[in-house]
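Everything on this sheet refers to the single structure shown next.
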Amino acid sequence: MTQIIRLIVLGKQGAGKGTQCIRLSRHYVIEHIATGDMLRAAVKLGTKVGLEAAEYMEKGELIPDDIVIRLVQERTSTGIAHERGFVLDGFPRNVHQAEMLDDLLTPESLDAVVDLRVPTNLVLKRIASRRVCADCGTTYSTAKPPRVDWICDNCGGEVVQRDDDTEAAIQRRLDLYEKETKPLIAFYREHGKLIEISGVGQEEIVSRRLIMAIDKILRQKTTRISADGDNK
Ligand code: AMP
C-alpha cells in the first residue's frame, strides 16, 4: 500500500521554501502546492479569484482566508495530492488557516511541519537577487540565472523580478510573517508536528537535512501503523 505523505514547509519569504518544496515533491513523488503560485496564475489568467487577489498581493497583504482555503481544498482532493500526498508551500499563513486545514484533512492528519530557519539579513539579500519565471514559477537568482538570457530553463518563459518584491511589499510581508505566521510554529509544536531545520547553506545540503528529518518521522509512522495492525 502506498504511504500518503502530507507535509508543510514554513519559513520567511526568501527562506528557500519554494526551491526546497520542489525538491521534496520530486523526492517523495508528491504534489507541490504553492498558494502564491496558484494566486499569481489566477491573476495572470484574470479569473474571478485573480481579480480579487491582485490588489492584496501587490501590497504584500494576505488574501482572505476563505478564498485561499478553497484553492487548497480543490488541489488536495484530486490527482497526485489525493493519491500520494502533498507539500504545502505558503499555506497556512495564520492560525485560522491552520485550523481550517485540520478540519479539511480530518480524519487524516499532517505528517510533519518543517520550520525552515534563515536569519532576516540573509532572506533580505536573497529576495533582492530573486528572479522567477513568469510562466511556471521556477526560481532563479542573479547569482544563479537561467542558462540563456533570462529565458526559463524549464519552460522557455520570461524570467523576471516578482511584482511584489519591492522594498515596501517585502517589509510588509516580513511584518505579516512575524505577526500572523510565526504563531504557527508554537501551534504545530504543541501538536507535536514541528521539525526545525536550518535553511542556511547550499540547496543540496539543506535538502538532505530535510529529507533525513522527514524520513525519520515517516519510519516512526510506518512502525506505528504496523504495530497497530499487529494489535488488532
Ligand atoms: P508567496 O509566493 O507565498 O510569497 O505569496 C505571494 C502572495 O500571495 C502573498 O504576499 C499573499 O498576498 C498571497 N498569498 C499566498 N499564500 C497565501 C495564504 N496562504 N494566505 C493569504 N494570502 C496568501
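Ligands are numbered from 1 in the order shown, residues from 1 within each chain, and chains are lettered A, B, ... in the order they appear in the C-alpha cells.
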
Secondary structure check, strand (DSSP E or B) residues of region 2-73 of chain A, as a PyMOL selection string: chain A and resi 5-10+31-34

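With a cut-off of 6 Å and using only C-alpha atoms and all ligand atoms, the polymer residues contacting ligand 1 are Gln13, Thr35, Gly36, Asp37, Tyr56, Met57, Gly60, Glu61, Leu62, Ile63, Asp65, Val68, Gly90, Phe91, Pro92 and Arg93 of chain A.
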
Spatial neighbours of Leu7 (chain A), 8 Å, only C-alpha atoms, chain gap at least 2 places, as a list in words: Ile5, Val9, Phe86, Val87, Leu88, Leu110, Asp111, Ala112, Val113 and Val114 of chain A

Would you save the residues from that selection as an mmCIF file, in the first residue's frame, using C-alpha atoms?
data_model
loop_
_atom_site.group_PDB
_atom_site.id
_atom_site.type_symbol
_atom_site.label_atom_id
_atom_site.label_comp_id
_atom_site.auth_asym_id
_atom_site.auth_seq_id
_atom_site.Cartn_x
_atom_site.Cartn_y
_atom_site.Cartn_z
ATOM 1 C CA ILE A 5 2.667 11.877 2.856
ATOM 2 C CA VAL A 9 7.112 23.909 4.932
ATOM 3 C CA PHE A 86 1.481 16.885 -0.913
ATOM 4 C CA VAL A 87 3.833 19.504 0.398
ATOM 5 C CA LEU A 88 2.203 22.845 1.164
ATOM 6 C CA LEU A 110 -0.255 16.055 8.705
ATOM 7 C CA ASP A 111 2.952 14.033 8.977
ATOM 8 C CA ALA A 112 5.327 16.915 9.586
ATOM 9 C CA VAL A 113 5.599 20.695 9.573
ATOM 10 C CA VAL A 114 9.074 21.980 8.789
#

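The gap separating CA of Ala81 (chain A) from CA of Ala34 (chain A) is 12.3 Å, in Å to one decimal.
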
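Put simply, CA of Leu122 (chain A) is 8.6 Å away from CA of Val200 (chain A).
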
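Neighbours of region 14-27 of chain A closer than or equal to 7 Å, with only C-alpha atoms counted and sequence neighbours fewer than 4 positions away skipped, come out as Val9, Glu31, His32, Val87, Asp89, Leu116, Arg117, Val118, Val123, Arg126, Ile127, Gly199 and Ser207 of chain A.
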
12 Å contact set for Cys155 (chain A), only C-alpha atoms, chain neighbours under 2 positions out, as an NGL selection string: :A and (132-138 or 146 or 150-153 or 157-159)

Same residues, N, CA and C atoms, saved as a short mmCIF file (atom, residue, chain, number, x, y, z; two decimals), in the first residue's frame:
data_model
loop_
_atom_site.label_atom_id
_atom_site.label_comp_id
_atom_site.auth_asym_id
_atom_site.auth_seq_id
_atom_site.Cartn_x
_atom_site.Cartn_y
_atom_site.Cartn_z
N VAL A 132 12.05 35.13 -10.94
CA VAL A 132 11.18 33.95 -11.14
C VAL A 132 10.67 33.90 -12.58
N CYS A 133 10.35 32.68 -13.02
CA CYS A 133 9.76 32.53 -14.34
C CYS A 133 8.30 32.98 -14.27
N ALA A 134 7.94 33.90 -15.15
CA ALA A 134 6.58 34.44 -15.13
C ALA A 134 5.55 33.38 -15.52
N ASP A 135 5.99 32.30 -16.18
CA ASP A 135 5.03 31.27 -16.61
C ASP A 135 4.93 30.11 -15.63
N CYS A 136 6.09 29.52 -15.23
CA CYS A 136 5.99 28.30 -14.41
C CYS A 136 6.42 28.50 -12.97
N GLY A 137 6.95 29.70 -12.64
CA GLY A 137 7.28 29.99 -11.24
C GLY A 137 8.63 29.46 -10.78
N THR A 138 9.41 28.83 -11.69
CA THR A 138 10.75 28.36 -11.28
C THR A 138 11.57 29.55 -10.78
N PRO A 146 19.13 31.65 -15.37
CA PRO A 146 18.92 30.56 -16.33
C PRO A 146 20.09 30.49 -17.31
N TRP A 150 17.93 35.07 -19.45
CA TRP A 150 16.69 35.23 -18.68
C TRP A 150 15.47 34.54 -19.32
N ILE A 151 15.77 33.40 -19.98
CA ILE A 151 14.69 32.55 -20.51
C ILE A 151 14.68 31.30 -19.63
N CYS A 152 13.51 30.94 -19.13
CA CYS A 152 13.43 29.82 -18.17
C CYS A 152 13.96 28.51 -18.76
N ASP A 153 14.87 27.83 -18.02
CA ASP A 153 15.42 26.54 -18.45
C ASP A 153 14.32 25.49 -18.54
N GLY A 157 9.76 30.31 -20.52
CA GLY A 157 9.08 31.58 -20.17
C GLY A 157 10.09 32.67 -19.83
N GLU A 158 9.56 33.89 -19.65
CA GLU A 158 10.45 35.01 -19.33
C GLU A 158 10.73 35.03 -17.82
N VAL A 159 12.02 35.19 -17.46
CA VAL A 159 12.39 35.20 -16.05
C VAL A 159 12.51 36.66 -15.60
#

Between CA of Thr142 (chain A) and CA of Asp115 (chain A), distance in Å (one decimal): 25.7 Å

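Minimum atom-to-atom distance to His96 (chain A), evaluated using only C-alpha atoms, belongs to A:Thr181 out of A:Thr181, A:Thr166, A:Ser109, A:Gln220.
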